[in-house]
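Everything below belongs to run29.tsv, which stores TSV, C-alpha atoms.
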```tsv
chain	number	residue	atom	x	y	z
A	44	MET	CA	-10.60	7.81	16.60
A	45	ASP	CA	-9.76	4.51	18.29
A	46	ILE	CA	-6.09	4.45	17.29
A	47	LEU	CA	-5.40	0.81	18.11
A	48	ASN	CA	-8.44	-0.14	16.05
A	49	ALA	CA	-7.02	1.97	13.20
A	50	VAL	CA	-3.53	0.47	13.39
A	51	ARG	CA	-4.91	-3.07	13.44
A	52	GLY	CA	-7.25	-2.10	10.63
A	53	THR	CA	-4.39	-0.85	8.49
A	54	LEU	CA	-2.36	-4.06	8.76
A	55	PHE	CA	-5.26	-6.47	8.51
A	56	GLY	CA	-6.81	-4.28	5.82
A	57	ALA	CA	-3.69	-4.67	3.70
A	58	ALA	CA	-3.52	-8.43	4.24
A	59	VAL	CA	-7.19	-9.07	3.49
A	60	GLY	CA	-7.21	-6.87	0.39
A	61	ASP	CA	-4.10	-8.63	-0.88
A	62	ALA	CA	-5.49	-12.11	-0.15
A	63	LEU	CA	-8.77	-11.31	-1.92
A	64	GLY	CA	-6.82	-10.40	-5.03
A	65	VAL	CA	-4.26	-13.23	-5.07
A	66	PRO	CA	-6.45	-15.91	-6.72
A	67	VAL	CA	-7.43	-13.62	-9.61
A	68	GLU	CA	-4.22	-11.70	-10.22
A	69	PHE	CA	-3.80	-10.76	-13.91
A	70	THR	CA	-7.45	-11.59	-14.65
A	71	GLU	CA	-9.04	-9.12	-17.06
A	72	ARG	CA	-11.84	-6.86	-15.88
A	73	GLU	CA	-14.31	-8.21	-18.42
A	74	GLU	CA	-13.79	-11.73	-17.08
A	75	LEU	CA	-14.38	-10.56	-13.51
A	76	ARG	CA	-17.58	-8.86	-14.57
A	77	LYS	CA	-18.86	-12.31	-15.56
A	78	THR	CA	-17.63	-14.04	-12.37
A	79	PRO	CA	-16.82	-11.34	-9.82
A	80	VAL	CA	-14.93	-11.86	-6.60
A	81	THR	CA	-17.36	-11.69	-3.68
A	82	ASP	CA	-15.50	-13.50	-0.91
A	83	LEU	CA	-12.13	-14.68	0.33
A	84	VAL	CA	-11.23	-17.89	-1.52
A	85	GLY	CA	-8.21	-20.05	-2.30
A	86	GLY	CA	-6.90	-21.62	-5.48
A	87	GLY	CA	-6.86	-19.53	-8.60
A	88	VAL	CA	-3.84	-18.42	-10.58
A	89	HIS	CA	-1.30	-19.05	-7.81
A	90	GLY	CA	-2.98	-22.13	-6.31
A	91	GLN	CA	-2.64	-20.82	-2.77
A	92	PRO	CA	-4.81	-21.69	0.26
A	93	VAL	CA	-7.57	-19.32	1.29
A	94	GLY	CA	-6.26	-16.30	3.23
A	95	THR	CA	-2.81	-16.31	1.64
A	96	PHE	CA	-1.33	-12.85	1.09
A	97	SER	CA	1.52	-12.13	-1.32
A	98	ASP	CA	4.53	-9.83	-1.57
A	99	ASP	CA	2.36	-6.74	-1.05
A	100	ALA	CA	1.36	-7.49	2.54
A	101	SER	CA	4.58	-9.38	3.33
A	102	LEU	CA	6.71	-6.34	2.54
A	103	THR	CA	4.23	-4.12	4.37
A	104	PHE	CA	4.86	-6.23	7.46
A	105	CYS	CA	8.62	-6.20	6.87
A	106	LEU	CA	8.50	-2.39	6.93
A	107	ALA	CA	6.23	-2.38	9.97
A	108	GLU	CA	8.63	-4.67	11.84
A	109	ALA	CA	11.49	-2.26	11.20
A	110	LEU	CA	9.33	0.60	12.48
A	111	THR	CA	8.73	-1.12	15.83
A	112	VAL	CA	12.33	-0.25	16.75
A	113	ASP	CA	14.18	3.01	16.16
A	114	PHE	CA	13.95	3.93	12.48
A	115	ASP	CA	16.90	2.68	10.45
A	116	LEU	CA	16.80	2.27	6.69
A	117	GLN	CA	19.29	-0.59	6.95
A	118	ASN	CA	16.83	-2.54	9.11
A	119	VAL	CA	14.10	-2.10	6.51
A	120	ALA	CA	16.47	-3.29	3.78
A	121	LYS	CA	17.60	-6.24	5.88
A	122	ASN	CA	13.99	-7.34	6.36
A	123	PHE	CA	13.35	-7.15	2.62
A	124	VAL	CA	16.39	-9.32	1.88
A	125	GLU	CA	15.33	-11.77	4.58
A	126	TRP	CA	11.87	-11.96	3.01
A	127	LEU	CA	13.18	-12.76	-0.45
A	128	ASN	CA	15.89	-15.18	0.64
A	129	ASN	CA	14.24	-16.90	3.61
A	130	GLY	CA	10.53	-16.15	3.44
A	131	TYR	CA	10.43	-13.74	6.39
A	132	TRP	CA	6.80	-12.60	6.80
A	133	ALA	CA	5.79	-14.76	3.83
A	134	VAL	CA	2.96	-17.25	4.35
A	135	ASP	CA	4.54	-20.60	5.21
A	136	GLY	CA	7.92	-19.02	4.45
A	137	LYS	CA	7.26	-19.24	0.70
A	138	VAL	CA	7.71	-16.29	-1.68
A	139	PHE	CA	5.51	-16.97	-4.72
A	140	ASP	CA	5.08	-13.52	-6.23
A	141	VAL	CA	7.51	-10.61	-6.64
A	142	GLY	CA	7.65	-7.69	-9.06
A	143	ARG	CA	10.63	-7.23	-11.35
A	144	GLY	CA	11.64	-3.85	-9.94
A	145	THR	CA	11.43	-5.06	-6.36
A	146	LEU	CA	13.35	-8.23	-7.20
A	147	LYS	CA	16.16	-6.29	-8.86
A	148	ALA	CA	16.36	-3.81	-5.98
A	149	ILE	CA	16.53	-6.50	-3.32
A	150	HIS	CA	19.28	-8.23	-5.27
A	151	ASN	CA	21.10	-4.88	-5.19
A	152	LEU	CA	20.64	-4.73	-1.42
A	153	TYR	CA	21.96	-8.26	-1.03
A	154	ASN	CA	25.03	-7.29	-3.05
A	155	GLY	CA	25.81	-4.36	-0.78
A	156	VAL	CA	24.16	-1.41	-2.53
A	157	ALA	CA	23.03	1.26	-0.04
A	158	PRO	CA	19.26	1.21	0.60
A	159	GLU	CA	18.66	4.72	-0.76
A	160	SER	CA	20.36	3.75	-4.02
A	161	ALA	CA	18.99	0.23	-4.53
A	162	GLY	CA	15.73	1.06	-6.32
A	163	GLY	CA	15.46	1.95	-10.00
A	164	ARG	CA	15.51	5.63	-10.93
A	165	SER	CA	14.43	5.76	-14.56
A	166	PRO	CA	10.93	6.67	-15.75
A	167	HIS	CA	10.50	2.99	-16.58
A	168	ASP	CA	11.01	2.06	-12.91
A	169	ASN	CA	7.59	3.22	-11.72
A	170	GLY	CA	5.81	0.03	-10.87
A	171	ASN	CA	3.69	0.00	-7.71
A	172	GLY	CA	6.19	-1.91	-5.57
A	173	SER	CA	6.91	0.85	-3.07
A	174	LEU	CA	3.33	2.15	-2.86
A	175	MET	CA	2.02	-1.34	-2.05
A	176	ARG	CA	4.03	-1.56	1.17
A	177	ILE	CA	4.26	2.05	2.37
A	178	SER	CA	1.15	2.33	4.62
A	179	PRO	CA	2.77	1.66	8.06
A	180	LEU	CA	5.11	4.60	7.51
A	181	ALA	CA	2.18	6.92	8.29
A	182	PHE	CA	2.48	6.07	11.97
A	183	TYR	CA	6.18	6.99	12.07
A	184	ILE	CA	6.01	10.31	10.17
A	185	ARG	CA	2.72	11.66	11.48
A	186	LYS	CA	4.18	14.29	13.86
A	187	MET	CA	7.00	15.44	11.57
A	188	PRO	CA	7.09	18.69	9.58
A	189	VAL	CA	6.06	18.17	5.96
A	190	ARG	CA	9.60	18.47	4.55
A	191	ASP	CA	10.82	15.78	6.95
A	192	ARG	CA	7.86	13.57	6.05
A	193	PHE	CA	8.69	13.88	2.36
A	194	ASP	CA	12.37	13.12	2.92
A	195	ILE	CA	11.56	9.96	4.88
A	196	VAL	CA	9.03	8.82	2.29
A	197	LYS	CA	11.63	9.36	-0.43
A	198	LYS	CA	14.19	7.24	1.42
A	199	VAL	CA	11.77	4.38	2.13
A	200	SER	CA	10.35	4.33	-1.40
A	201	SER	CA	13.84	4.44	-2.91
A	202	ILE	CA	14.80	1.11	-1.37
A	203	THR	CA	12.94	-0.44	-4.29
A	204	HIS	CA	11.61	2.49	-6.37
A	205	GLY	CA	13.70	5.65	-6.45
A	206	HIS	CA	12.14	7.66	-9.27
A	207	ILE	CA	10.41	10.87	-8.15
A	208	ARG	CA	7.09	9.63	-9.58
A	209	SER	CA	6.98	6.68	-7.20
A	210	VAL	CA	8.04	8.95	-4.33
A	211	ILE	CA	5.23	11.42	-5.06
A	212	ALA	CA	2.68	8.60	-5.29
A	213	CYS	CA	3.73	7.27	-1.88
A	214	PHE	CA	3.70	10.79	-0.44
A	215	CYS	CA	0.16	11.51	-1.73
A	216	TYR	CA	-1.14	8.24	-0.30
A	217	LEU	CA	0.45	8.79	3.11
A	218	GLU	CA	-0.68	12.42	3.32
A	219	PHE	CA	-4.22	11.18	2.70
A	220	MET	CA	-3.81	8.59	5.47
A	221	LEU	CA	-2.48	11.26	7.84
A	222	GLN	CA	-5.60	13.36	7.27
A	223	ILE	CA	-7.68	10.32	8.26
A	224	LEU	CA	-5.51	9.84	11.34
A	225	ASP	CA	-6.31	13.45	12.25
A	226	GLY	CA	-9.97	12.45	12.38
A	227	LYS	CA	-11.26	13.74	9.06
A	228	ASN	CA	-13.89	11.85	7.11
A	229	ILE	CA	-12.70	10.28	3.91
A	230	PHE	CA	-13.91	13.08	1.62
A	231	ASP	CA	-12.49	15.88	3.75
A	232	ALA	CA	-9.22	13.95	3.98
A	233	TYR	CA	-9.09	13.82	0.18
A	234	LYS	CA	-9.88	17.55	-0.19
A	235	SER	CA	-7.22	18.48	2.38
A	236	MET	CA	-4.65	16.33	0.60
A	237	GLN	CA	-5.55	18.04	-2.68
A	238	VAL	CA	-4.70	21.42	-1.13
A	239	SER	CA	-1.60	20.58	0.91
A	240	VAL	CA	0.27	18.23	-1.45
A	241	PRO	CA	0.39	20.44	-4.59
A	242	ASP	CA	1.43	23.49	-2.57
A	243	PHE	CA	4.28	21.56	-1.00
A	244	LEU	CA	5.44	19.83	-4.18
A	245	GLU	CA	5.55	23.14	-6.03
A	246	SER	CA	7.94	24.46	-3.37
A	247	LEU	CA	10.48	21.77	-4.30
A	248	SER	CA	12.79	21.56	-7.29
A	249	ILE	CA	10.72	18.89	-9.01
A	250	ASP	CA	10.07	18.83	-12.73
A	251	PRO	CA	6.56	20.34	-13.09
A	252	SER	CA	5.74	17.72	-15.73
A	253	GLU	CA	6.14	15.01	-13.07
A	254	ILE	CA	3.78	16.82	-10.71
A	255	GLY	CA	1.35	17.28	-13.60
A	256	LEU	CA	1.02	13.51	-13.98
A	257	PHE	CA	-0.99	13.57	-10.73
A	258	ASP	CA	-3.52	16.18	-11.92
A	259	ARG	CA	-6.41	13.71	-12.17
A	260	LEU	CA	-5.97	12.96	-8.48
A	261	LEU	CA	-4.87	16.33	-7.16
A	262	LYS	CA	-6.66	18.92	-9.32
A	263	HIS	CA	-9.84	17.08	-10.26
A	264	ASN	CA	-12.21	14.76	-8.39
A	265	ILE	CA	-11.02	11.21	-9.03
A	266	CYS	CA	-14.28	9.71	-7.80
A	267	GLU	CA	-16.26	11.40	-10.60
A	268	LEU	CA	-14.48	9.34	-13.26
A	269	PRO	CA	-16.32	6.33	-14.73
A	270	GLU	CA	-14.81	2.89	-14.18
A	271	ASP	CA	-13.63	2.59	-17.78
A	272	ARG	CA	-11.26	5.49	-17.17
A	273	ILE	CA	-9.67	3.82	-14.14
A	274	ASP	CA	-6.67	1.64	-14.94
A	275	SER	CA	-5.74	-1.16	-12.55
A	276	GLY	CA	-2.40	-2.26	-13.91
A	277	GLY	CA	0.97	-2.25	-12.20
A	278	TYR	CA	1.90	1.40	-12.93
A	279	VAL	CA	2.25	3.32	-9.67
A	280	ILE	CA	-0.09	6.19	-10.62
A	281	SER	CA	-2.70	3.72	-11.85
A	282	THR	CA	-2.65	1.86	-8.54
A	283	LEU	CA	-2.86	5.08	-6.54
A	284	GLU	CA	-5.76	6.40	-8.61
A	285	ALA	CA	-7.62	3.07	-8.62
A	286	SER	CA	-7.27	2.66	-4.87
A	287	MET	CA	-8.43	6.20	-4.11
A	288	TRP	CA	-11.32	5.82	-6.57
A	289	CYS	CA	-12.48	2.66	-4.81
A	290	LEU	CA	-12.27	4.30	-1.39
A	291	LEU	CA	-14.19	7.40	-2.46
A	292	THR	CA	-16.97	5.57	-4.32
A	293	THR	CA	-17.89	3.06	-1.61
A	294	GLY	CA	-19.13	3.16	1.95
A	295	SER	CA	-17.47	0.27	3.76
A	296	TYR	CA	-14.27	-1.73	3.92
A	297	ARG	CA	-15.92	-4.71	2.23
A	298	GLU	CA	-17.25	-2.63	-0.65
A	299	ALA	CA	-13.93	-0.84	-1.18
A	300	VAL	CA	-11.75	-3.95	-1.46
A	301	ILE	CA	-14.28	-5.96	-3.48
A	302	LYS	CA	-14.49	-3.07	-5.93
A	303	ALA	CA	-10.68	-2.82	-6.04
A	304	VAL	CA	-10.15	-6.51	-6.77
A	305	ASN	CA	-12.87	-6.64	-9.41
A	306	LEU	CA	-11.11	-3.94	-11.42
A	307	GLY	CA	-8.87	-6.80	-12.55
A	308	ASP	CA	-5.21	-7.01	-13.60
A	309	ASP	CA	-2.98	-6.23	-10.58
A	310	THR	CA	-5.74	-7.30	-8.22
A	311	ASP	CA	-3.66	-8.13	-5.16
A	312	THR	CA	-1.85	-4.80	-5.14
A	313	THR	CA	-4.92	-2.66	-5.77
A	314	GLY	CA	-6.64	-4.66	-3.05
A	315	CYS	CA	-3.73	-4.19	-0.65
A	316	VAL	CA	-3.36	-0.43	-1.19
A	317	ALA	CA	-7.09	0.24	-1.04
A	318	GLY	CA	-7.40	-2.21	1.85
A	319	ALA	CA	-4.78	-0.58	4.06
A	320	ALA	CA	-6.36	2.88	3.76
A	321	ALA	CA	-9.89	1.47	4.11
A	322	GLY	CA	-8.76	-0.47	7.18
A	323	LEU	CA	-7.36	2.72	8.68
A	324	TYR	CA	-10.60	4.58	8.04
A	325	TYR	CA	-13.17	1.93	8.96
A	326	GLY	CA	-10.98	0.27	11.59
A	327	TYR	CA	-10.31	-3.33	12.40
A	328	GLY	CA	-13.94	-3.72	13.44
A	329	GLY	CA	-15.02	-2.68	9.96
A	330	ILE	CA	-13.31	-5.65	8.30
A	331	PRO	CA	-15.60	-8.68	7.98
A	332	GLU	CA	-14.86	-11.01	10.87
A	333	GLU	CA	-14.97	-14.11	8.68
A	334	TRP	CA	-12.25	-12.64	6.45
A	335	VAL	CA	-9.95	-11.82	9.33
A	336	GLY	CA	-10.53	-15.30	10.73
A	337	ASN	CA	-9.23	-16.87	7.52
A	338	ILE	CA	-6.13	-14.71	7.08
A	339	ALA	CA	-2.79	-16.49	7.40
A	340	LYS	CA	-0.53	-15.41	10.29
A	341	ARG	CA	-3.36	-13.46	11.91
A	342	GLY	CA	-1.90	-13.89	15.40
A	343	GLU	CA	1.46	-12.55	14.24
A	344	ILE	CA	-0.21	-9.65	12.42
A	345	ASP	CA	-2.16	-8.72	15.53
A	346	ASP	CA	1.00	-8.83	17.63
A	347	LEU	CA	2.77	-6.59	15.11
A	348	ALA	CA	-0.11	-4.10	15.23
A	349	GLN	CA	0.04	-4.03	19.03
A	350	ARG	CA	3.78	-3.33	18.94
A	351	LEU	CA	3.36	-0.54	16.37
A	352	TYR	CA	0.65	1.01	18.52
A	353	GLN	CA	2.79	0.84	21.65
A	354	LYS	CA	5.74	2.39	19.83
A	355	TYR	CA	3.94	5.42	18.42
A	356	PHE	CA	0.73	5.97	20.36
A	357	SER	CA	0.95	4.63	23.92
```
Could I get this structure in the form of structure tokens?
Amino acid sequence: MDILNAVRGTLFGAAVGDALGVPVEFTEREELRKTPVTDLVGGGVHGQPVGTFSDDASLTFCLAEALTVDFDLQNVAKNFVEWLNNGYWAVDGKVFDVGRGTLKAIHNLYNGVAPESAGGRSPHDNGNGSLMRISPLAFYIRKMPVRDRFDIVKKVSSITHGHIRSVIACFCYLEFMLQILDGKNIFDAYKSMQVSVPDFLESLSIDPSEIGLFDRLLKHNICELPEDRIDSGGYVISTLEASMWCLLTTGSYREAVIKAVNLGDDTDTTGCVAGAAAGLYYGYGGIPEEWVGNIAKRGEIDDLAQRLYQKYFS
């Protein structure tokens, strides 16, 4: 694997997938079947210029920035607060979209709550706000033992989403990405994740009913489900399943993110999560050149990818 190509692909993959979904966020699937998204455009529900990414990619980059120096949860939290208050890593410094759980958690951070305690911890606090931004963490945890990987994922997720369900979703997604980083094809990566993740989770003191919520992904073959059984709302398990389904039922970056966005509803987040993993797998070169060329802050994103690569792979 060309690792620099993969790192660049992950960051640009997240940004492009997010930007594809921004104009049609909250649009119902039936409406998108009539007028599907086929290209990167501007306007739409948020009235943003073409290539504008939202909170999903912005917070992904905030996490990535913190990972370019020695890992410190306080630095991650500081970047999140700076994003919300001052538009750090937001396009043109303007925050135009933020989930309720993330907003509440960042307000907690601003008011002095410790990062590991800032995110909601009830079963109702399982939006997709930590999953959407977690992808760069794969580069930091890749050489750690599995228990250490899980502990780090739990800490980083808990900045905004501290319930075990959100933590498990982030862990599943990153373990899948790590299998790709090890050089496996996308189907073998999925099968390996299906073996390793349940065995590890069952060794922990986690409520088995929480683990059971992931059975469609971990014990069955998610790609065999028809589209009408794939939900694309803001629930963390829905986003994880939808993103994996799109990756496993397509054969290119373009196909994966277009399919993700056209599922409707939380289009930017499904696009971002599917896009980051697809970008890792297909690489930067697999993302349509015309899309990359229209993405906001592309020079800054490329610089960030170079710094991540130098930190963990050079």
In Å, rounded to a single decimal, give me how far atom CA of A:Phe219 is from atom CA of A:Met236.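 Atom-to-atom, atom CA of A:Met236 and atom CA of A:Phe219 are spaced 5.6 Å apart.
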Could you build a table of the residues in stretch 139-241 of chain A lying no more than 12 Å from stretch 61-67 of chain A, giving for each the nearest pair of atoms and their separation in Å rounded to one decimal place, using only C-alpha atoms, ordered by chain and ascending residue number, as a Markdown table?
```
| residue | atom | partner | partner_atom | distance |
| --- | --- | --- | --- | --- |
| A:Phe139 | CA | A:Val65 | CA | 10.5 |
| A:Asp140 | CA | A:Val65 | CA | 9.4 |
| A:Met175 | CA | A:Asp61 | CA | 9.6 |
| A:Arg176 | CA | A:Asp61 | CA | 11.0 |
```
Atom CA of A:Glu159 and atom CA of A:Lys198 are how many Å apart?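 Between atom CA of A:Glu159 and atom CA of A:Lys198 the gap works out to 5.6 Å.
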Nearest to A:Leu260, restricted to all atoms listed in the file and choosing among A:Ser281, A:Gln117, A:Ser248, A:Ser209, comes out as A:Ser281
Residues near stretch 46-50 of chain A, cut-off 9 Å, all atoms listed in the file, skip fewer than 2 positions along chain, as a ChimeraX atom specification: /A:44,52-55,179,182,224,322-328,348-349,351-353,356
Using all atoms listed in the file, find the one residue out of A:Tyr183, A:Leu217, A:Ala133, A:Asp242 that sits nearest to A:Val112. A:Tyr183
Atom-to-atom span, atom CA of A:Gly314 and atom CA of A:Gly60, Å: 4.1 Å
For A:Ala212, which residue among A:Gln237, A:Asn228, A:Ser252, A:Asn169 is the nearest when counting only C-alpha atoms?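 Closest candidate: A:Asn169.
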Excluding A:Tyr355 and residues on its chain fewer than 5 positions from it, collect all residues at most 10 Å away from it, counting all atoms listed in the file, and give them as a list in words. Leu110, Thr111, Phe182, Tyr183, Ile184, Arg185, Lys186 and Arg350 of chain A
Taking C-alpha atoms for each residue, export the selection above as an mmCIF file, in the coordinates of the input.
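out_1.cif written:
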```cif
data_model
loop_
_atom_site.group_PDB
_atom_site.id
_atom_site.type_symbol
_atom_site.label_atom_id
_atom_site.label_comp_id
_atom_site.auth_asym_id
_atom_site.auth_seq_id
_atom_site.Cartn_x
_atom_site.Cartn_y
_atom_site.Cartn_z
ATOM 1 C CA LEU A 110 9.330 0.600 12.480
ATOM 2 C CA THR A 111 8.730 -1.120 15.830
ATOM 3 C CA PHE A 182 2.480 6.070 11.970
ATOM 4 C CA TYR A 183 6.180 6.990 12.070
ATOM 5 C CA ILE A 184 6.010 10.310 10.170
ATOM 6 C CA ARG A 185 2.720 11.660 11.480
ATOM 7 C CA LYS A 186 4.180 14.290 13.860
ATOM 8 C CA ARG A 350 3.780 -3.330 18.940
#
```
What's the 6 Å shell around A:Thr313, counting only C-alpha atoms, without same-chain residues fewer than 5 positions away, as a PyMOL selection string? chain A and resi 282+286+303
Test item: residues at most 10 Å from A:Ile273, all atoms listed in the file, excluding those fewer than 3 positions along its chain, as a PDB file with C-alpha atoms, in the frame of the given file:
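Output saved as result.pdb:
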```pdb
ATOM      1  CA  ILE A 265     -11.020  11.210  -9.030  1.00  0.00           C
ATOM      2  CA  CYS A 266     -14.280   9.710  -7.800  1.00  0.00           C
ATOM      3  CA  LEU A 268     -14.480   9.340 -13.260  1.00  0.00           C
ATOM      4  CA  PRO A 269     -16.320   6.330 -14.730  1.00  0.00           C
ATOM      5  CA  GLU A 270     -14.810   2.890 -14.180  1.00  0.00           C
ATOM      6  CA  GLY A 276      -2.400  -2.260 -13.910  1.00  0.00           C
ATOM      7  CA  SER A 281      -2.700   3.720 -11.850  1.00  0.00           C
ATOM      8  CA  THR A 282      -2.650   1.860  -8.540  1.00  0.00           C
ATOM      9  CA  GLU A 284      -5.760   6.400  -8.610  1.00  0.00           C
ATOM     10  CA  ALA A 285      -7.620   3.070  -8.620  1.00  0.00           C
ATOM     11  CA  SER A 286      -7.270   2.660  -4.870  1.00  0.00           C
ATOM     12  CA  TRP A 288     -11.320   5.820  -6.570  1.00  0.00           C
ATOM     13  CA  CYS A 289     -12.480   2.660  -4.810  1.00  0.00           C
ATOM     14  CA  LEU A 306     -11.110  -3.940 -11.420  1.00  0.00           C
TER      15      LEU A 306
END
```
Excluding A:Ser160 and any residue of its chain fewer than 2 positions from it, enumerate the residues within 8 Å of it, using all atoms listed in the file, and give them as number ranges by chain. A: 156-158, 162-163, 201-202, 205
Name the closest residue to A:Ile344 among the candidates A:Val240, A:Ala100, A:Leu247, A:Leu290; distances are taken between atoms, counting all atoms listed in the file. A:Ala100
Residue among A:Asp345, A:Asp135, A:Asp45, A:Glu125 lying closest to A:His150, counting all atoms listed in the file: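 So, comparing all the options, the nearest one is A:Glu125.
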